[in-house]
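So this one's run_37.txt, compact mmCIF, C-alpha atoms:
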# COMPACT_ATOMS: atom_id res chain seq x y z
CA MET A 1 -9.39 23.95 0.70
CA ASP A 2 -8.85 21.08 -1.77
CA ASP A 3 -5.17 22.08 -2.04
CA PHE A 4 -4.79 21.55 1.72
CA TYR A 5 -6.24 18.04 1.47
CA ARG A 6 -4.18 17.19 -1.60
CA ASP A 7 -1.04 18.27 0.24
CA TYR A 8 -2.18 16.27 3.28
CA ILE A 9 -2.68 13.16 1.15
CA LEU A 10 0.71 13.59 -0.49
CA ASP A 11 2.35 14.05 2.91
CA HIS A 12 0.87 10.77 4.16
CA TYR A 13 1.95 9.08 0.91
CA ARG A 14 5.52 10.39 1.06
CA ASN A 15 5.86 10.13 4.86
CA PRO A 16 3.49 7.34 5.89
CA ARG A 17 2.68 7.07 9.56
CA ASN A 18 3.09 3.68 11.25
CA PHE A 19 4.67 2.12 8.15
CA GLY A 20 6.49 -1.17 8.64
CA ARG A 21 5.96 -4.43 10.47
CA LEU A 22 5.30 -5.39 14.09
CA GLY A 23 7.47 -8.06 15.68
CA SER A 24 4.57 -10.12 17.00
CA PRO A 25 1.20 -8.83 15.84
CA THR A 26 -1.91 -10.12 17.57
CA VAL A 27 -3.92 -9.97 14.34
CA SER A 28 -3.02 -9.21 10.74
CA ALA A 29 -4.47 -9.25 7.26
CA GLU A 30 -3.32 -8.50 3.75
CA GLU A 31 -5.34 -7.74 0.67
CA LEU A 32 -4.87 -6.86 -2.97
CA ASN A 33 -7.08 -4.49 -4.92
CA PRO A 34 -7.59 -6.58 -8.07
CA LEU A 35 -8.58 -3.52 -10.11
CA CYS A 36 -5.23 -1.74 -9.82
CA GLY A 37 -2.77 -4.01 -8.01
CA ASP A 38 -2.46 -1.99 -4.78
CA VAL A 39 -1.51 -4.17 -1.80
CA ILE A 40 -1.85 -3.37 1.90
CA ARG A 41 -0.98 -5.41 4.97
CA MET A 42 -2.17 -4.34 8.41
CA GLU A 43 -0.72 -5.69 11.64
CA LEU A 44 -2.26 -4.86 15.02
CA LEU A 45 -1.05 -5.38 18.55
CA VAL A 46 -4.17 -5.84 20.68
CA ASP A 47 -4.04 -6.04 24.48
CA ALA A 48 -5.98 -8.47 26.68
CA THR A 49 -8.90 -6.02 26.93
CA GLY A 50 -9.27 -5.83 23.15
CA VAL A 51 -7.72 -2.38 22.69
CA VAL A 52 -5.41 -1.68 19.74
CA ARG A 53 -2.12 -0.64 21.33
CA ASP A 54 -0.05 -0.47 18.15
CA VAL A 55 -0.59 -0.80 14.42
CA ARG A 56 1.64 -0.95 11.37
CA PHE A 57 0.90 -1.15 7.69
CA SER A 58 2.99 -2.07 4.70
CA GLY A 59 2.35 -2.37 1.02
CA LYS A 60 2.59 -0.57 -2.25
CA GLY A 61 0.22 1.29 -4.47
CA CYS A 62 -1.14 4.66 -5.45
CA ALA A 63 -1.10 7.77 -3.30
CA ILE A 64 -4.77 7.37 -2.31
CA SER A 65 -4.45 3.76 -1.11
CA GLN A 66 -1.25 4.33 0.83
CA ALA A 67 -2.26 7.70 2.32
CA SER A 68 -5.68 6.48 3.43
CA ALA A 69 -4.04 3.44 5.07
CA SER A 70 -1.57 5.72 6.87
CA MET A 71 -4.42 7.93 8.10
CA LEU A 72 -6.37 4.90 9.30
CA THR A 73 -3.47 3.69 11.44
CA GLU A 74 -3.66 6.95 13.36
CA THR A 75 -7.43 6.56 13.74
CA VAL A 76 -7.46 3.03 15.18
CA LYS A 77 -4.84 3.33 17.92
CA GLY A 78 -6.68 3.12 21.22
CA LEU A 79 -9.90 1.73 19.72
CA ARG A 80 -11.36 -1.59 20.77
CA LEU A 81 -11.05 -4.28 18.11
CA GLU A 82 -14.85 -4.57 17.96
CA ASP A 83 -15.04 -0.85 17.13
CA VAL A 84 -12.42 -1.23 14.41
CA ALA A 85 -14.66 -3.89 12.86
CA LYS A 86 -17.55 -1.40 12.80
CA LEU A 87 -15.72 1.50 11.12
CA SER A 88 -17.52 2.81 8.08
CA LYS A 89 -16.30 4.23 4.82
CA ASP A 90 -17.22 7.67 6.16
CA VAL A 91 -14.13 7.54 8.39
CA VAL A 92 -11.90 7.13 5.33
CA LEU A 93 -13.73 9.81 3.36
CA GLU A 94 -13.49 12.21 6.29
CA ASN A 95 -9.77 11.48 6.71
CA VAL A 96 -9.04 12.00 3.02
CA GLY A 97 -11.11 15.17 2.93
CA ILE A 98 -11.72 15.38 -0.81
CA GLY A 99 -14.18 13.70 -3.09
CA ILE A 100 -13.12 10.28 -4.33
CA SER A 101 -14.19 9.27 -7.81
CA PRO A 102 -15.94 5.92 -8.24
CA THR A 103 -12.87 4.53 -10.02
CA ARG A 104 -10.63 5.40 -7.03
CA MET A 105 -13.06 4.32 -4.28
CA LYS A 106 -11.57 0.83 -3.93
CA CYS A 107 -8.11 2.40 -3.67
CA ALA A 108 -9.29 4.59 -0.81
CA MET A 109 -11.15 1.73 0.93
CA LEU A 110 -8.46 -0.96 0.67
CA GLY A 111 -6.87 -0.10 4.03
CA LEU A 112 -10.25 -0.14 5.77
CA ARG A 113 -11.13 -3.49 4.25
CA VAL A 114 -7.84 -4.95 5.47
CA LEU A 115 -8.28 -3.48 8.97
CA LYS A 116 -11.80 -4.87 9.23
CA THR A 117 -10.64 -8.26 7.95
CA ALA A 118 -7.98 -8.36 10.68
CA ALA A 119 -10.49 -7.25 13.31
CA ILE A 120 -13.19 -9.80 12.48
CA GLY A 121 -10.89 -12.65 11.50
CA GLU A 122 -12.46 -13.23 8.09
CA LEU A 123 -12.56 -11.47 4.75
CA ALA A 124 -14.54 -8.25 5.12
CA ALA A 125 -16.76 -6.78 2.43
CA TRP A 126 -15.54 -3.80 0.44
CA PRO A 127 -16.62 -0.83 2.60
CA ASP A 128 -17.93 1.09 -0.41
CA GLU A 129 -20.30 -1.79 -1.20
CA GLU A 130 -21.79 -2.27 2.29

Please, can you express the file's structure as structure tokens?
Amino acid sequence: MDDFYRDYILDHYRNPRNFGRLGSPTVSAEELNPLCGDVIRMELLVDATGVVRDVRFSGKGCAISQASASMLTETVKGLRLEDVAKLSKDVVLENVGIGISPTRMKCAMLGLRVLKTAAIGELAAWPDEE
């Protein structure tokens, strides 16, 4: 089963979903993982009722950081912004599907931290430290 998830991660890394920029995002955030240099920017288009209608991410980094960000963009479409702010690290771990070592945890959680920062309008805590 781990081979399936590794292939799934590599597919999201090589063919990221929702990669790029939005013309006029409602909210956005960008963050750097100081431990490895990975960078992710998230841009969300939120309608008047607070629902995420579109999302894009951009950045560079390792396969785990980029794939988990790609997976998260698929997860948050259609969610209310307040629900995005409440997402836990379990969502990322479930998406990735394989165990993440402590040294790679910040890589996996970078996209979630950026999404939550955009949703709440201030720097969010690292999800693996909540």

Please report the interatomic distance between CA of Lys60 in chain A and CA of Asp83 in chain A in Å with one decimal.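 Taking CA of Lys60 in chain A and CA of Asp83 in chain A, their separation equals 26.2 Å.
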
As an exercise, work out the distance from CA of Ser88 in chain A to CA of Met109 in chain A in Å and give it to one decimal place.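 We find that CA of Ser88 in chain A and CA of Met109 in chain A lie 9.6 Å from each other.
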
Shortest interatomic distance to Val114 in chain A - which of A:Ser28, A:Thr73, A:Thr49, A:Ser68, counting all atoms listed in the file: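 Using all atoms listed in the file, the shortest distance to Val114 in chain A belongs to A:Ser28.
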
For Ala69 in chain A, the closest of A:Val91, A:Leu35, A:Ala119, A:Leu81 counting only C-alpha atoms is A:Val91

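For the choices A:Ala85, A:Val39, A:Leu123, A:Ile64, the atom-to-atom distance to Ser101 in chain A is smallest for A:Ile64 when using all atoms listed in the file.
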
Do a neighbour search on Arg21 in chain A at 10 Å with all atoms listed in the file, toss out local chain neighbours closer than 5 positions, and write the hits as number ranges by chain. A: 41-44, 55-58

Write out, as a PDB file, keeping the file's coordinate frame, the residues just selected, with C-alpha atoms.
ATOM      1  CA  ARG A  41      -0.980  -5.410   4.970  1.00  0.00           C
ATOM      2  CA  MET A  42      -2.170  -4.340   8.410  1.00  0.00           C
ATOM      3  CA  GLU A  43      -0.720  -5.690  11.640  1.00  0.00           C
ATOM      4  CA  LEU A  44      -2.260  -4.860  15.020  1.00  0.00           C
ATOM      5  CA  VAL A  55      -0.590  -0.800  14.420  1.00  0.00           C
ATOM      6  CA  ARG A  56       1.640  -0.950  11.370  1.00  0.00           C
ATOM      7  CA  PHE A  57       0.900  -1.150   7.690  1.00  0.00           C
ATOM      8  CA  SER A  58       2.990  -2.070   4.700  1.00  0.00           C
TER       9      SER A  58
END

Leaving out Cys36 in chain A and any residue of its chain fewer than 5 positions from it, which residues lie within 9 Å of it when counting only C-alpha atoms, given as a VMD selection string? chain A and resid 61 to 62 107

Those same residues - C-alpha atoms - I'd like them written as a compact mmCIF listing (two decimals), keeping the file's coordinate frame.
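That gives us selection.txt:
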# COMPACT_ATOMS: atom_id res chain seq x y z
CA GLY A 61 0.22 1.29 -4.47
CA CYS A 62 -1.14 4.66 -5.45
CA CYS A 107 -8.11 2.40 -3.67

What is the distance, in Å and to one decimal place, between CA of Val27 in chain A and CA of Ile9 in chain A? 26.7 Å

Can you fill out range 52-68 of chain A with N, CA, C and O atoms and hand it back as a PDB file, in the frame of the given file?
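So the final result, stored in part.pdb, reads:
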ATOM      1  N   VAL A  52      -6.540  -1.751  20.667  1.00  0.00           N
ATOM      2  CA  VAL A  52      -5.410  -1.680  19.740  1.00  0.00           C
ATOM      3  C   VAL A  52      -4.347  -0.785  20.358  1.00  0.00           C
ATOM      4  O   VAL A  52      -4.549   0.411  20.525  1.00  0.00           O
ATOM      5  N   ARG A  53      -3.219  -1.381  20.706  1.00  0.00           N
ATOM      6  CA  ARG A  53      -2.120  -0.640  21.330  1.00  0.00           C
ATOM      7  C   ARG A  53      -1.112  -0.153  20.298  1.00  0.00           C
ATOM      8  O   ARG A  53      -0.449   0.857  20.488  1.00  0.00           O
ATOM      9  N   ASP A  54      -0.980  -0.884  19.199  1.00  0.00           N
ATOM     10  CA  ASP A  54      -0.050  -0.470  18.150  1.00  0.00           C
ATOM     11  C   ASP A  54      -0.554  -1.026  16.827  1.00  0.00           C
ATOM     12  O   ASP A  54      -1.271  -2.031  16.794  1.00  0.00           O
ATOM     13  N   VAL A  55      -0.174  -0.376  15.755  1.00  0.00           N
ATOM     14  CA  VAL A  55      -0.590  -0.800  14.420  1.00  0.00           C
ATOM     15  C   VAL A  55       0.495  -0.388  13.433  1.00  0.00           C
ATOM     16  O   VAL A  55       1.132   0.654  13.589  1.00  0.00           O
ATOM     17  N   ARG A  56       0.715  -1.240  12.469  1.00  0.00           N
ATOM     18  CA  ARG A  56       1.640  -0.950  11.370  1.00  0.00           C
ATOM     19  C   ARG A  56       0.985  -1.403  10.080  1.00  0.00           C
ATOM     20  O   ARG A  56       0.198  -2.351  10.058  1.00  0.00           O
ATOM     21  N   PHE A  57       1.346  -0.714   9.004  1.00  0.00           N
ATOM     22  CA  PHE A  57       0.900  -1.150   7.690  1.00  0.00           C
ATOM     23  C   PHE A  57       2.088  -1.178   6.757  1.00  0.00           C
ATOM     24  O   PHE A  57       3.094  -0.494   6.966  1.00  0.00           O
ATOM     25  N   SER A  58       1.979  -2.011   5.756  1.00  0.00           N
ATOM     26  CA  SER A  58       2.990  -2.070   4.700  1.00  0.00           C
ATOM     27  C   SER A  58       2.258  -2.341   3.402  1.00  0.00           C
ATOM     28  O   SER A  58       1.092  -2.728   3.398  1.00  0.00           O
ATOM     29  N   GLY A  59       2.946  -2.121   2.319  1.00  0.00           N
ATOM     30  CA  GLY A  59       2.350  -2.370   1.020  1.00  0.00           C
ATOM     31  C   GLY A  59       2.867  -1.422  -0.020  1.00  0.00           C
ATOM     32  O   GLY A  59       3.822  -0.678   0.204  1.00  0.00           O
ATOM     33  N   LYS A  60       2.206  -1.469  -1.157  1.00  0.00           N
ATOM     34  CA  LYS A  60       2.590  -0.570  -2.250  1.00  0.00           C
ATOM     35  C   LYS A  60       1.341  -0.259  -3.058  1.00  0.00           C
ATOM     36  O   LYS A  60       0.379  -1.027  -3.082  1.00  0.00           O
ATOM     37  N   GLY A  61       1.363   0.897  -3.667  1.00  0.00           N
ATOM     38  CA  GLY A  61       0.220   1.290  -4.470  1.00  0.00           C
ATOM     39  C   GLY A  61       0.182   2.787  -4.686  1.00  0.00           C
ATOM     40  O   GLY A  61       1.144   3.501  -4.419  1.00  0.00           O
ATOM     41  N   CYS A  62      -0.958   3.244  -5.115  1.00  0.00           N
ATOM     42  CA  CYS A  62      -1.140   4.660  -5.450  1.00  0.00           C
ATOM     43  C   CYS A  62      -1.182   5.521  -4.191  1.00  0.00           C
ATOM     44  O   CYS A  62      -1.295   5.025  -3.070  1.00  0.00           O
ATOM     45  N   ALA A  63      -1.109   6.821  -4.405  1.00  0.00           N
ATOM     46  CA  ALA A  63      -1.100   7.770  -3.300  1.00  0.00           C
ATOM     47  C   ALA A  63      -2.364   7.654  -2.439  1.00  0.00           C
ATOM     48  O   ALA A  63      -2.290   7.713  -1.206  1.00  0.00           O
ATOM     49  N   ILE A  64      -3.516   7.458  -3.071  1.00  0.00           N
ATOM     50  CA  ILE A  64      -4.770   7.370  -2.310  1.00  0.00           C
ATOM     51  C   ILE A  64      -4.784   6.144  -1.407  1.00  0.00           C
ATOM     52  O   ILE A  64      -5.135   6.228  -0.231  1.00  0.00           O
ATOM     53  N   SER A  65      -4.405   4.981  -1.930  1.00  0.00           N
ATOM     54  CA  SER A  65      -4.450   3.760  -1.110  1.00  0.00           C
ATOM     55  C   SER A  65      -3.462   3.830   0.044  1.00  0.00           C
ATOM     56  O   SER A  65      -3.805   3.472   1.180  1.00  0.00           O
ATOM     57  N   GLN A  66      -2.274   4.303  -0.216  1.00  0.00           N
ATOM     58  CA  GLN A  66      -1.250   4.330   0.830  1.00  0.00           C
ATOM     59  C   GLN A  66      -1.528   5.436   1.853  1.00  0.00           C
ATOM     60  O   GLN A  66      -1.365   5.231   3.049  1.00  0.00           O
ATOM     61  N   ALA A  67      -1.962   6.600   1.389  1.00  0.00           N
ATOM     62  CA  ALA A  67      -2.260   7.700   2.320  1.00  0.00           C
ATOM     63  C   ALA A  67      -3.459   7.367   3.192  1.00  0.00           C
ATOM     64  O   ALA A  67      -3.442   7.634   4.400  1.00  0.00           O
ATOM     65  N   SER A  68      -4.506   6.791   2.612  1.00  0.00           N
ATOM     66  CA  SER A  68      -5.680   6.480   3.430  1.00  0.00           C
ATOM     67  C   SER A  68      -5.341   5.396   4.453  1.00  0.00           C
ATOM     68  O   SER A  68      -5.838   5.436   5.586  1.00  0.00           O
TER      69      SER A  68
END
